[in-house]
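Here is the structure we will look at, set down as structure tokens.
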Amino acid sequence: MRKLLLIAGIVLSIAIGVFGQPIEENMPQITGCIALQNATIVSAPGKAPIKGTVIMRDGLISSMGPNVTIPVDAYRIAADSLFVYPAFIDAFSYTGVKNPEADNNRQGNSKVPFDEEGNPSLEDAGITPFTTVRESFDPKEKSIAEWREQGFAIAHTVPYGRMLPGMGAIVILSGSETDRMLWKENISMYSQFVGARGAYPQTLIGVIAKWRELYQNSTQLVAHQTSYASESFVSRPDYNRAHEALMPVVKKEMSVYFRATDAKSISRAITLQEDLGMNMVIADVEEAWYYKDKIKVNQLPLVLSLKLPEDKEEKTKEDQDKKSAEPDSMATADTSKSMDVDLEKEAFEKRRATSLAEHRQQAGVLTKAGINFSFSTMNLKKGEFMKNIRVMIENGLDTTAALASLTTHPAKLLGIEKYCGTIEAGKMANLMITTKPLFDSESTIQYMIVEGSLYKYEVKEKKKTNAKENLTSLSLVEGTWAYTIEAPDQTRQGTFIFKESNGAVEGTITGNDMTSSGNNELESIVIEGKNVSFTFDIDMGGQMMTLEFTLEIDGESLDGSVAVGEFGSFKVTGQRTDKPE
Amino acid sequence: MYTMNKLFLLTFLFLSVGIHAQVPTGDLLIRNGTVLTITNGVLEETDILVENGKIKRIGKNLKAPSGIKEFDATGQYVMPGIVDAHSHIAIDAVNEATNPITPEVKVGDSVDPFDLSIYRALAGGVTTIHAMHGSANAIGGQCQTLKLRYGLMDPSSFIFEGASRTIKFALGENPMRVHGEGRGVQPSTRMGVERVIRNAFQKGKNYKAKWATYEEKKKKNPNATPPLYNERYQTMADIIDGKIIIQCHSYRADEILMLMRVLSDFGVHRITFQHVNEGFKVAPELAEFGAMASVFADWWAYKFEVYYSTAYNATILTRNGVVTSINSDSGELMRHLFHEAAKTQRYGDLSDDEALSLITINPARQLGIDHKVGSIEVGKDADLAIFKNHPLSIYAIPQLTVIDGIIRFDLANDPADMRIYIDAEESTPSFYGQESVEGCLIDTDLMFSHQH
């Protein structure tokens, strides 16, 4: 196995079941009961905060309020300074799903086999409505922990693919067993305007034509199966996996989640819905305002993307500001450019800025137009999530609607409002506990409770490491270090390299299997006095683990430890082997 | 720069009124122009009254309802809006090049209401285009006749209501190259192209028979089992039933004759040959068959099979009684189709009406929309183009373009930036001022690298 990791040996030497446990969890769960004491609770979007205690037992909220009795066996969390919200529900995502494309080396150039009609197999055509997300779901997939860390307890997740990738499921973002985590399977049919690679249907027009044909055949199959079941002398229906899988869509028992990010795709999805008549949710939408009247009139449920366009202009400005902030940079050099402003470009820029504002205002504009929506994290970087929500709030989305779009609206859309979306006795214990009011820019998540499982997060004090400060201590670490980690089974060796880059200290790590994830950069490097700490994320067979190094440097040697999740902490020693002049 | 001028605001107002189905129409009085009716000669100093998007009256000193918008066309020429019988603008997909026959796909499913080429076409007096599938496949997809209602957001509001269904066929090098050479399947030769088309018709015929049998059975047995629905062969059946006009990309005389023989064998008669550069060699045969022709004014020799042609092609076809049009096949050429039509006066001495018919009533006939557009007649759609100087003059300048009584282009009010959709991440639009690649072989890059 190539992905033998630094700590693979340790894993084997420790009890095997441990592997799937949440890495963020600091406390062992010795009781099924948690008491969140004296917290500020927002039980549902729009509800005034109350001071009170939430008691949870066996995955459910058992009671909630200012005067509840705390059971003797409860694990108590003093939450006096903390805020409690219903955990988020992701209305449309790939959370927990492995992307098979990553393993699939076949690109457009290689020939796709086809039958005498010139049609490829259903799989090569990207028409796999019979696929369930279970097939590509992995409880250890790192996105589960990542989105949980962002506040999500539940996700509607769909398989990767092309025109009709398959059926989605509702997933609980906690646990280690697929069976337990897939709460409700086959609740949706995922589709998008993405053609096959080098095979029919390759283009937009092929995909739409194919949709019409599939829908018609599935409609015929429904009628045929009905008469086959009830009448005699009816020939056996033709079997086609795709037609069969689309029957619940034809019968309107299953909604099609049509992924339509841009304006034109949205209008095309709407037209397809009007032509065929299926129940459709327009999903992962980035530009709904173009067609908001039609969306409203047709009462199409909407799932908005949390993505926002990047403001390149602003970024350039920031970069320039950064540059001019540097002491040695030629601060005056760039200003002369503004003298010969290109008028045409300026006009373009104005319209681009308007478009950018429209994207940011979308959520607010839709709310004011009386259109409810949920949110999707599909293809969103986790770091952008809260940042973008806050941008939307700054641009007219009120916080109640923001919270509703992440809790009660998706719960209703997915048909699970009886079980989750608010903090009420009897509902699933899905809670988010933050240090400040939720959308406050300083707010961070301290605990997540997902169906009664408790996850604690280090509240990192945002210590803004001043670049200059760090630089003065650069000489302490600069150069190449040979390290040795003393794990129980064997020792591991490799090197750290520290150097200056853009006014900050940067570091990389090498070593057996250390860089199997393709990344060898050290993160969160902090130098204080003689102490150096940093972290490194390592891919452990699909699950990301963080190695936390804490080292003390004494001249040309180092000594310290590395913490590896819950496997414990191991001794690290090393010597500097190379130091730049 | 204030891009949202009145014209623009106007279209947005209509948008907010209601996106669906009902397309906006307008009232307009055009005063005192030289009206080139095409079907009824030239009317000097004549007014045209438009109500609800239709031409209500044509005459001198017309009385009009008070408050109606007026345009003074004194000294200017009013002609029917130009119809381009062969275009690939305003659609996002052109070739489904993964099968030699794809009659089931429809470019109308990919209408792009934001394509800036639409506005450019309007600026050349064009009001209607025939947006076509490309020529990668022997039988390509169904085409879509569009009215250039630039400013509307809903793609369906561009659809020309009541136009005939049309479908793209292609003979010769393109399907041979894309499928034979590129994908290693039939057709590799012109013989193969014929075989592919014959097979498709035969399968369409069989499919039709299968459904007819089912319909018969169903009368006696309501539980009879329908055959699998196949949109590909259903479309072939529709062609056999005369519901669709074939629009066939073709160059050589021999292959043109070949396709007419094939169609005769399957009882199909409605066809317009596109490009048809050797049409002049078989003009009597085309006329006898009832086939129509849509040609370039003077463009050929851009590849081997189209080496032999003549600028007299349109004239020879016209004189032989073939309904002929001149098309652009290009977002650029489309902006001066009136010049292209005028070339037939240099090469062939066509009359003004005959030359203008090539870009108005004749293409309208080929698309099955001549009952609505293509000439200036009472009751027809108010799709008009107004020129300073005669449109067949080299000095012609389009002034105003009207669709359904609504001004869609006004030279006096023509802002620099007419984009509707703005990419929030793109500072300077990359397509601005550029014409996209030549249309016929778009989307076939996978199969073959170069365009023509």
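Letters A, B, ... mark the chains of the structure tokens in the order given; residue numbers begin at 1 per chain; ligand numbers begin at 1, in order shown.
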Once you count only C-alpha atoms, what closest atom pair and distance in Å to one decimal does each residue of chain B within 8 Å of chain A have, with rows by chain and rising residue number, as CSV?
```
residue,atom,partner,partner_atom,distance
B:Met1,CA,A:Ala347,CA,6.0
B:Ile19,CA,A:Lys294,CA,7.1
B:His20,CA,A:Lys294,CA,7.7
B:Asp92,CA,A:Leu204,CA,7.9
B:Ala93,CA,A:Leu204,CA,6.4
B:Asn95,CA,A:Thr203,CA,7.7
B:Glu96,CA,A:Thr203,CA,5.9
B:Ala97,CA,A:Gln202,CA,7.9
B:Thr98,CA,A:Tyr200,CA,5.3
B:Asn99,CA,A:Gly118,CA,6.0
B:Glu104,CA,A:Ala209,CA,6.2
B:Val105,CA,A:Ala209,CA,5.3
B:Lys106,CA,A:Ile205,CA,5.9
B:Val107,CA,A:Ile205,CA,6.2
B:Asp109,CA,A:Ile205,CA,6.0
B:Ser110,CA,A:Ile205,CA,6.4
B:Asp112,CA,A:Lys264,CA,7.3
B:Met153,CA,A:Tyr290,CA,7.7
B:Asp154,CA,A:Ser267,CA,7.0
B:Pro155,CA,A:Ser267,CA,7.5
B:Asn223,CA,A:Ser227,CA,6.3
B:Ala224,CA,A:Val234,CA,7.0
B:Thr225,CA,A:His224,CA,6.7
B:Pro226,CA,A:Gln220,CA,7.4
B:Leu228,CA,A:Asn217,CA,6.3
B:Tyr229,CA,A:Asn217,CA,5.7
B:Asn230,CA,A:Glu213,CA,6.5
B:Glu231,CA,A:Glu213,CA,5.9
B:Ile422,CA,A:Ser355,CA,6.0
B:Asp423,CA,A:Arg352,CA,6.6
B:Ala424,CA,A:Leu356,CA,4.8
B:Glu425,CA,A:Pro309,CA,6.2
B:Glu426,CA,A:Arg352,CA,7.1
B:Ser427,CA,A:Glu349,CA,5.7
B:Thr428,CA,A:Phe348,CA,6.2
B:Pro429,CA,A:Phe348,CA,7.8
B:Leu446,CA,A:Gly198,CA,7.3
```
Store the residues picked out above, limited to N, CA and C atoms, as an mmCIF file, in the first residue's frame.
```cif
data_model
loop_
_atom_site.group_PDB
_atom_site.id
_atom_site.type_symbol
_atom_site.label_atom_id
_atom_site.label_comp_id
_atom_site.auth_asym_id
_atom_site.auth_seq_id
_atom_site.Cartn_x
_atom_site.Cartn_y
_atom_site.Cartn_z
ATOM 1 N N MET B 1 -20.512 56.390 -19.619
ATOM 2 C CA MET B 1 -21.335 55.877 -20.711
ATOM 3 C C MET B 1 -22.640 55.304 -20.140
ATOM 4 N N ILE B 19 -43.078 37.630 -18.935
ATOM 5 C CA ILE B 19 -42.030 36.980 -19.712
ATOM 6 C C ILE B 19 -42.628 35.947 -20.655
ATOM 7 N N HIS B 20 -43.698 35.354 -20.233
ATOM 8 C CA HIS B 20 -44.112 34.140 -20.922
ATOM 9 C C HIS B 20 -44.936 34.392 -22.179
ATOM 10 N N ASP B 92 -26.478 28.163 -28.748
ATOM 11 C CA ASP B 92 -25.302 27.750 -27.989
ATOM 12 C C ASP B 92 -24.759 26.388 -28.396
ATOM 13 N N ALA B 93 -25.503 25.654 -29.202
ATOM 14 C CA ALA B 93 -25.004 24.352 -29.661
ATOM 15 C C ALA B 93 -25.342 24.231 -31.129
ATOM 16 N N ASN B 95 -23.519 21.560 -33.427
ATOM 17 C CA ASN B 95 -23.336 20.200 -33.930
ATOM 18 C C ASN B 95 -23.359 19.177 -32.808
ATOM 19 N N GLU B 96 -24.283 18.229 -32.889
ATOM 20 C CA GLU B 96 -24.203 17.052 -32.023
ATOM 21 C C GLU B 96 -23.497 16.003 -32.875
ATOM 22 N N ALA B 97 -22.161 16.106 -32.907
ATOM 23 C CA ALA B 97 -21.388 15.376 -33.916
ATOM 24 C C ALA B 97 -20.985 13.988 -33.462
ATOM 25 N N THR B 98 -21.811 13.338 -32.653
ATOM 26 C CA THR B 98 -21.439 12.033 -32.123
ATOM 27 C C THR B 98 -22.135 10.889 -32.852
ATOM 28 N N ASN B 99 -22.893 11.227 -33.892
ATOM 29 C CA ASN B 99 -23.601 10.202 -34.646
ATOM 30 C C ASN B 99 -23.850 10.770 -36.043
ATOM 31 N N GLU B 104 -33.117 14.120 -34.079
ATOM 32 C CA GLU B 104 -33.942 14.433 -32.903
ATOM 33 C C GLU B 104 -33.488 15.691 -32.171
ATOM 34 N N VAL B 105 -32.246 16.122 -32.358
ATOM 35 C CA VAL B 105 -31.803 17.294 -31.598
ATOM 36 C C VAL B 105 -32.344 18.563 -32.244
ATOM 37 N N LYS B 106 -32.544 19.571 -31.405
ATOM 38 C CA LYS B 106 -33.137 20.817 -31.896
ATOM 39 C C LYS B 106 -32.297 21.994 -31.431
ATOM 40 N N VAL B 107 -31.773 22.755 -32.367
ATOM 41 C CA VAL B 107 -30.980 23.912 -31.943
ATOM 42 C C VAL B 107 -31.866 24.926 -31.215
ATOM 43 N N ASP B 109 -33.533 24.393 -28.776
ATOM 44 C CA ASP B 109 -33.391 24.168 -27.336
ATOM 45 C C ASP B 109 -32.217 24.952 -26.758
ATOM 46 N N SER B 110 -31.396 25.536 -27.617
ATOM 47 C CA SER B 110 -30.193 26.190 -27.109
ATOM 48 C C SER B 110 -30.139 27.673 -27.485
ATOM 49 N N ASP B 112 -29.783 31.435 -27.521
ATOM 50 C CA ASP B 112 -29.019 32.314 -26.644
ATOM 51 C C ASP B 112 -29.525 33.751 -26.782
ATOM 52 N N MET B 153 -35.624 38.397 -22.587
ATOM 53 C CA MET B 153 -34.764 37.482 -21.833
ATOM 54 C C MET B 153 -35.118 36.021 -22.051
ATOM 55 N N ASP B 154 -36.378 35.769 -22.314
ATOM 56 C CA ASP B 154 -36.825 34.388 -22.411
ATOM 57 C C ASP B 154 -36.498 33.844 -23.805
ATOM 58 N N PRO B 155 -35.675 32.793 -23.882
ATOM 59 C CA PRO B 155 -35.326 32.260 -25.202
ATOM 60 C C PRO B 155 -36.561 31.936 -26.049
ATOM 61 N N ASN B 223 -55.102 -2.438 -23.900
ATOM 62 C CA ASN B 223 -53.852 -2.768 -23.212
ATOM 63 C C ASN B 223 -52.714 -3.099 -24.170
ATOM 64 N N ALA B 224 -52.931 -2.842 -25.433
ATOM 65 C CA ALA B 224 -51.861 -3.114 -26.403
ATOM 66 C C ALA B 224 -50.601 -2.375 -26.001
ATOM 67 N N THR B 225 -49.472 -2.993 -26.310
ATOM 68 C CA THR B 225 -48.199 -2.430 -25.867
ATOM 69 C C THR B 225 -47.626 -1.499 -26.922
ATOM 70 N N PRO B 226 -47.369 -0.237 -26.568
ATOM 71 C CA PRO B 226 -46.770 0.665 -27.557
ATOM 72 C C PRO B 226 -45.309 0.314 -27.787
ATOM 73 N N LEU B 228 -41.304 1.133 -28.245
ATOM 74 C CA LEU B 228 -40.456 2.136 -27.593
ATOM 75 C C LEU B 228 -40.503 3.430 -28.396
ATOM 76 N N TYR B 229 -40.583 4.530 -27.678
ATOM 77 C CA TYR B 229 -40.559 5.808 -28.362
ATOM 78 C C TYR B 229 -39.129 6.124 -28.776
ATOM 79 N N ASN B 230 -38.971 6.537 -30.020
ATOM 80 C CA ASN B 230 -37.636 6.877 -30.506
ATOM 81 C C ASN B 230 -37.719 8.224 -31.222
ATOM 82 N N GLU B 231 -37.191 9.247 -30.568
ATOM 83 C CA GLU B 231 -37.338 10.602 -31.092
ATOM 84 C C GLU B 231 -36.613 10.749 -32.442
ATOM 85 N N ILE B 422 -23.829 40.313 -18.377
ATOM 86 C CA ILE B 422 -22.462 40.720 -18.066
ATOM 87 C C ILE B 422 -21.833 39.687 -17.146
ATOM 88 N N ASP B 423 -20.668 39.220 -17.534
ATOM 89 C CA ASP B 423 -19.924 38.306 -16.684
ATOM 90 C C ASP B 423 -19.235 39.105 -15.583
ATOM 91 N N ALA B 424 -19.555 38.768 -14.333
ATOM 92 C CA ALA B 424 -19.062 39.569 -13.213
ATOM 93 C C ALA B 424 -17.560 39.425 -13.009
ATOM 94 N N GLU B 425 -16.960 38.420 -13.627
ATOM 95 C CA GLU B 425 -15.527 38.217 -13.422
ATOM 96 C C GLU B 425 -14.689 38.650 -14.616
ATOM 97 N N GLU B 426 -15.351 39.153 -15.642
ATOM 98 C CA GLU B 426 -14.639 39.471 -16.871
ATOM 99 C C GLU B 426 -14.588 40.992 -17.050
ATOM 100 N N SER B 427 -13.444 41.574 -16.857
ATOM 101 C CA SER B 427 -13.342 43.033 -16.895
ATOM 102 C C SER B 427 -13.580 43.569 -18.301
ATOM 103 N N THR B 428 -12.855 43.041 -19.270
ATOM 104 C CA THR B 428 -13.069 43.437 -20.656
ATOM 105 C C THR B 428 -13.601 42.227 -21.389
ATOM 106 N N PRO B 429 -14.826 42.342 -21.922
ATOM 107 C CA PRO B 429 -15.426 41.171 -22.569
ATOM 108 C C PRO B 429 -14.557 40.673 -23.711
ATOM 109 N N LEU B 446 -13.577 17.928 -31.399
ATOM 110 C CA LEU B 446 -13.152 16.613 -30.942
ATOM 111 C C LEU B 446 -12.873 15.699 -32.114
#
```
List the neighbours of Ala382 of chain B out to 8 Å using only C-alpha atoms; skip same-chain residues closer than 5 positions along the sequence, and give me the result as a list in words.
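The neighbour list is Val50, Gly53, Lys54, Ile55, Val373, Ile376, Val402, Ile403, Asp404 and Gly405 of chain B.
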Using only C-alpha atoms, which of A:Gly151, A:Gly46, A:Pro129, A:Gly52 sits nearest Ile449 of chain A?
A:Gly151
What's the 6 Å shell around Ile359 of chain B, counting only C-alpha atoms, without same-chain residues fewer than 2 positions away, as a ChimeraX atom specification?
/B:82-83,325-326,356-357
Using only C-alpha atoms: which of B:Ala385, B:Met258, B:Ala314, B:Ile167 has the shortest distance to Thr128 of chain B
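Among B:Ala385, B:Met258, B:Ala314, B:Ile167, it is B:Ala385 that comes nearest to Thr128 of chain B.
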Which residues come within 10 Å of Val78 of chain B, counting only C-alpha atoms, excluding same-chain residues fewer than 4 positions away, as a ChimeraX atom specification?
/B:30,32-37,42-43,46-48,73,376,384-388,390-391,398-401
Serialized selection, N, CA and C atoms, as an mmCIF file, in the first residue's frame:
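Result file part-v1.cif:
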```
data_model
loop_
_atom_site.group_PDB
_atom_site.id
_atom_site.type_symbol
_atom_site.label_atom_id
_atom_site.label_comp_id
_atom_site.auth_asym_id
_atom_site.auth_seq_id
_atom_site.Cartn_x
_atom_site.Cartn_y
_atom_site.Cartn_z
ATOM 1 N N ILE B 30 -45.105 54.959 -39.847
ATOM 2 C CA ILE B 30 -43.927 55.345 -40.622
ATOM 3 C C ILE B 30 -44.414 56.265 -41.734
ATOM 4 N N ASN B 32 -44.278 58.721 -44.986
ATOM 5 C CA ASN B 32 -43.719 59.335 -46.182
ATOM 6 C C ASN B 32 -42.435 58.681 -46.709
ATOM 7 N N GLY B 33 -42.374 57.374 -46.632
ATOM 8 C CA GLY B 33 -41.180 56.699 -47.144
ATOM 9 C C GLY B 33 -41.386 56.183 -48.556
ATOM 10 N N THR B 34 -40.299 55.753 -49.179
ATOM 11 C CA THR B 34 -40.395 55.009 -50.431
ATOM 12 C C THR B 34 -40.506 53.539 -50.036
ATOM 13 N N VAL B 35 -41.706 52.983 -50.242
ATOM 14 C CA VAL B 35 -41.971 51.644 -49.710
ATOM 15 C C VAL B 35 -41.702 50.591 -50.779
ATOM 16 N N LEU B 36 -40.720 49.724 -50.500
ATOM 17 C CA LEU B 36 -40.399 48.620 -51.409
ATOM 18 C C LEU B 36 -41.177 47.408 -50.921
ATOM 19 N N THR B 37 -42.357 47.205 -51.520
ATOM 20 C CA THR B 37 -43.248 46.164 -50.971
ATOM 21 C C THR B 37 -42.777 44.765 -51.348
ATOM 22 N N VAL B 42 -43.155 49.456 -56.052
ATOM 23 C CA VAL B 42 -42.606 50.505 -55.196
ATOM 24 C C VAL B 42 -43.656 51.591 -55.020
ATOM 25 N N LEU B 43 -43.923 51.975 -53.780
ATOM 26 C CA LEU B 43 -44.910 53.019 -53.492
ATOM 27 C C LEU B 43 -44.174 54.241 -52.965
ATOM 28 N N THR B 46 -45.188 57.157 -49.173
ATOM 29 C CA THR B 46 -46.290 56.354 -48.631
ATOM 30 C C THR B 46 -46.093 56.124 -47.131
ATOM 31 N N ASP B 47 -47.224 56.086 -46.414
ATOM 32 C CA ASP B 47 -47.199 55.824 -44.978
ATOM 33 C C ASP B 47 -47.522 54.354 -44.714
ATOM 34 N N ILE B 48 -46.985 53.850 -43.615
ATOM 35 C CA ILE B 48 -47.357 52.504 -43.156
ATOM 36 C C ILE B 48 -47.829 52.628 -41.706
ATOM 37 N N ALA B 73 -39.941 58.990 -42.510
ATOM 38 C CA ALA B 73 -39.050 58.280 -43.440
ATOM 39 C C ALA B 73 -38.900 59.046 -44.752
ATOM 40 N N ILE B 376 -44.158 43.737 -47.780
ATOM 41 C CA ILE B 376 -44.942 44.735 -47.041
ATOM 42 C C ILE B 376 -46.378 44.691 -47.550
ATOM 43 N N LEU B 384 -39.851 45.425 -40.391
ATOM 44 C CA LEU B 384 -39.454 46.375 -41.429
ATOM 45 C C LEU B 384 -38.024 46.832 -41.223
ATOM 46 N N ALA B 385 -37.380 47.175 -42.357
ATOM 47 C CA ALA B 385 -36.037 47.744 -42.291
ATOM 48 C C ALA B 385 -36.045 49.040 -43.110
ATOM 49 N N ILE B 386 -35.577 50.121 -42.493
ATOM 50 C CA ILE B 386 -35.587 51.418 -43.170
ATOM 51 C C ILE B 386 -34.154 51.833 -43.468
ATOM 52 N N PHE B 387 -33.925 52.244 -44.720
ATOM 53 C CA PHE B 387 -32.566 52.565 -45.189
ATOM 54 C C PHE B 387 -32.492 53.998 -45.663
ATOM 55 N N LYS B 388 -31.332 54.585 -45.419
ATOM 56 C CA LYS B 388 -30.965 55.795 -46.127
ATOM 57 C C LYS B 388 -30.297 55.312 -47.410
ATOM 58 N N HIS B 390 -31.096 53.619 -51.394
ATOM 59 C CA HIS B 390 -31.748 52.362 -51.769
ATOM 60 C C HIS B 390 -30.944 51.173 -51.229
ATOM 61 N N PRO B 391 -31.617 50.170 -50.643
ATOM 62 C CA PRO B 391 -30.880 49.045 -50.049
ATOM 63 C C PRO B 391 -29.978 48.306 -51.039
ATOM 64 N N PRO B 398 -28.487 51.207 -43.077
ATOM 65 C CA PRO B 398 -29.682 50.885 -42.282
ATOM 66 C C PRO B 398 -29.912 51.946 -41.205
ATOM 67 N N GLN B 399 -31.152 52.375 -41.083
ATOM 68 C CA GLN B 399 -31.492 53.427 -40.119
ATOM 69 C C GLN B 399 -32.284 52.889 -38.932
ATOM 70 N N LEU B 400 -33.260 52.050 -39.269
ATOM 71 C CA LEU B 400 -34.206 51.627 -38.247
ATOM 72 C C LEU B 400 -34.645 50.201 -38.573
ATOM 73 N N THR B 401 -34.679 49.349 -37.565
ATOM 74 C CA THR B 401 -35.160 47.988 -37.789
ATOM 75 C C THR B 401 -36.285 47.713 -36.801
#
```
So the first atom is atom CA of Pro100 of chain A and the second is atom CA of Gly161 of chain A; what is the distance between them in Å, to one decimal place?
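Computing the Euclidean distance for atom CA of Pro100 of chain A and atom CA of Gly161 of chain A yields 8.3 Å.
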Env of His88 of chain B: 8 Å cut, atoms = only C-alpha atoms, seq-sep filter 3 positions within chain, self excluded. Answer as a PyMOL selection string.
chain B and resi 91+94+130-134+329-331+439-440
Please produce a file of the residues just selected, as a short mmCIF file (atom, residue, chain, number, x, y, z; two decimals), in the first residue's frame, where the atoms kept are N, CA and C atoms.
```
data_model
loop_
_atom_site.label_atom_id
_atom_site.label_comp_id
_atom_site.auth_asym_id
_atom_site.auth_seq_id
_atom_site.Cartn_x
_atom_site.Cartn_y
_atom_site.Cartn_z
N ILE B 91 -27.50 30.73 -31.03
CA ILE B 91 -27.68 29.40 -30.45
C ILE B 91 -26.36 28.96 -29.80
N VAL B 94 -24.38 23.79 -31.92
CA VAL B 94 -24.58 23.75 -33.37
C VAL B 94 -24.49 22.32 -33.91
N HIS B 130 -32.77 31.97 -39.83
CA HIS B 130 -32.98 30.54 -39.74
C HIS B 130 -31.73 29.98 -39.04
N ALA B 131 -31.85 29.74 -37.73
CA ALA B 131 -30.71 29.24 -36.95
C ALA B 131 -30.60 27.75 -37.20
N MET B 132 -29.46 27.35 -37.76
CA MET B 132 -29.35 25.97 -38.25
C MET B 132 -28.38 25.11 -37.47
N HIS B 133 -28.71 23.84 -37.42
CA HIS B 133 -27.75 22.84 -36.98
C HIS B 133 -26.59 22.86 -37.98
N GLY B 134 -25.43 22.40 -37.56
CA GLY B 134 -24.25 22.41 -38.44
C GLY B 134 -24.26 21.27 -39.44
N ASP B 329 -24.68 32.57 -43.63
CA ASP B 329 -23.92 31.54 -42.93
C ASP B 329 -22.83 32.17 -42.07
N SER B 330 -23.01 33.44 -41.71
CA SER B 330 -21.95 34.17 -41.02
C SER B 330 -22.55 35.38 -40.31
N GLY B 331 -22.12 35.57 -39.05
CA GLY B 331 -22.60 36.72 -38.30
C GLY B 331 -22.14 38.04 -38.89
N GLY B 439 -19.68 28.98 -38.65
CA GLY B 439 -20.64 28.15 -37.95
C GLY B 439 -20.73 26.67 -38.21
N CYS B 440 -20.62 26.26 -39.46
CA CYS B 440 -21.08 24.92 -39.83
C CYS B 440 -20.49 23.77 -39.01
#
```
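Once Lys412 of chain A and its same-chain neighbours fewer than 3 positions away are set aside, A:Ile89, A:Asp90, A:Ala91, A:Pro301, A:Asn372, A:Phe373, A:Ser374, A:Ala404, A:Ser405, A:Leu406, A:Thr407, A:Thr408, A:His409, A:Gly415, A:Ile416, A:Glu417, A:Lys418, A:Tyr419, A:Cys420, A:Gly421, A:Thr422 remain within 12 Å of it when counting only C-alpha atoms.
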With C-alpha atoms retained, export the selected residues as a compact mmCIF listing (two decimals), in the first residue's frame.
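And here's selection-v1.txt as it stands now:
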```
# COMPACT_ATOMS: atom_id res chain seq x y z
CA ILE A 89 -28.94 21.60 6.40
CA ASP A 90 -27.27 21.53 3.02
CA ALA A 91 -29.93 21.34 0.32
CA PRO A 301 -38.35 25.50 -5.54
CA ASN A 372 -37.96 31.26 -0.55
CA PHE A 373 -34.83 29.31 -1.20
CA SER A 374 -32.34 26.95 0.35
CA ALA A 404 -34.02 29.93 7.43
CA SER A 405 -32.32 29.18 4.09
CA LEU A 406 -29.87 27.00 5.97
CA THR A 407 -32.32 25.30 8.34
CA THR A 408 -36.11 25.38 8.01
CA HIS A 409 -36.35 25.94 4.23
CA GLY A 415 -39.44 16.68 3.65
CA ILE A 416 -37.68 16.36 6.99
CA GLU A 417 -39.16 19.37 8.78
CA LYS A 418 -40.82 17.03 11.27
CA TYR A 419 -37.39 15.91 12.45
CA CYS A 420 -35.02 18.81 12.08
CA GLY A 421 -34.41 22.43 11.23
CA THR A 422 -35.27 23.91 14.65
```
Using only C-alpha atoms, determine which residues lie at most 7 Å from Phe536 of chain A, disregarding the query and same-chain residues fewer than 6 positions distant; provide the list as a PDB file with N, CA and C atoms, in the first residue's frame.
```pdb
ATOM      1  N   LEU A 522       3.655  23.376   5.121  1.00  0.00           N
ATOM      2  CA  LEU A 522       3.313  23.488   6.539  1.00  0.00           C
ATOM      3  C   LEU A 522       2.371  24.679   6.721  1.00  0.00           C
ATOM      4  N   GLU A 523       1.438  24.524   7.629  1.00  0.00           N
ATOM      5  CA  GLU A 523       0.480  25.598   7.848  1.00  0.00           C
ATOM      6  C   GLU A 523       0.579  26.127   9.271  1.00  0.00           C
ATOM      7  N   THR A 546      -4.688  16.003  10.911  1.00  0.00           N
ATOM      8  CA  THR A 546      -3.765  17.105  11.119  1.00  0.00           C
ATOM      9  C   THR A 546      -2.673  16.687  12.086  1.00  0.00           C
ATOM     10  N   LEU A 547      -1.438  16.876  11.655  1.00  0.00           N
ATOM     11  CA  LEU A 547      -0.308  16.645  12.546  1.00  0.00           C
ATOM     12  C   LEU A 547       0.061  17.999  13.152  1.00  0.00           C
ATOM     13  N   GLU A 548       0.096  18.068  14.454  1.00  0.00           N
ATOM     14  CA  GLU A 548       0.433  19.334  15.100  1.00  0.00           C
ATOM     15  C   GLU A 548       1.803  19.221  15.762  1.00  0.00           C
TER      16      GLU A 548
END
```
Secondary structure check, helix (DSSP H, G or I) residues of segment 219-326 of chain A, as a PyMOL selection string:
chain A and resi 219-230+241-245+247-250+263-276+288-297+312-325
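Nearest residue to Thr74 of chain B, choosing from B:Asn389, B:Glu332, B:Glu278, B:Val378 and counting only C-alpha atoms: B:Asn389.
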When DSSP works through the backbone of this structure, what residues of segment 201-314 of chain A end up as strand (DSSP E or B), shown as a PyMOL selection string?
chain A and resi 255-259+280-285+302-305
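Proximity ranking of B:Tyr421, B:Phe304, B:Phe289, B:Tyr233 relative to Pro113 of chain B places B:Tyr421 first, based on only C-alpha atoms.
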Provide the atom CA of Leu392 of chain B to atom CA of Ala342 of chain B distance in Å, to one decimal place.
5.0 Å
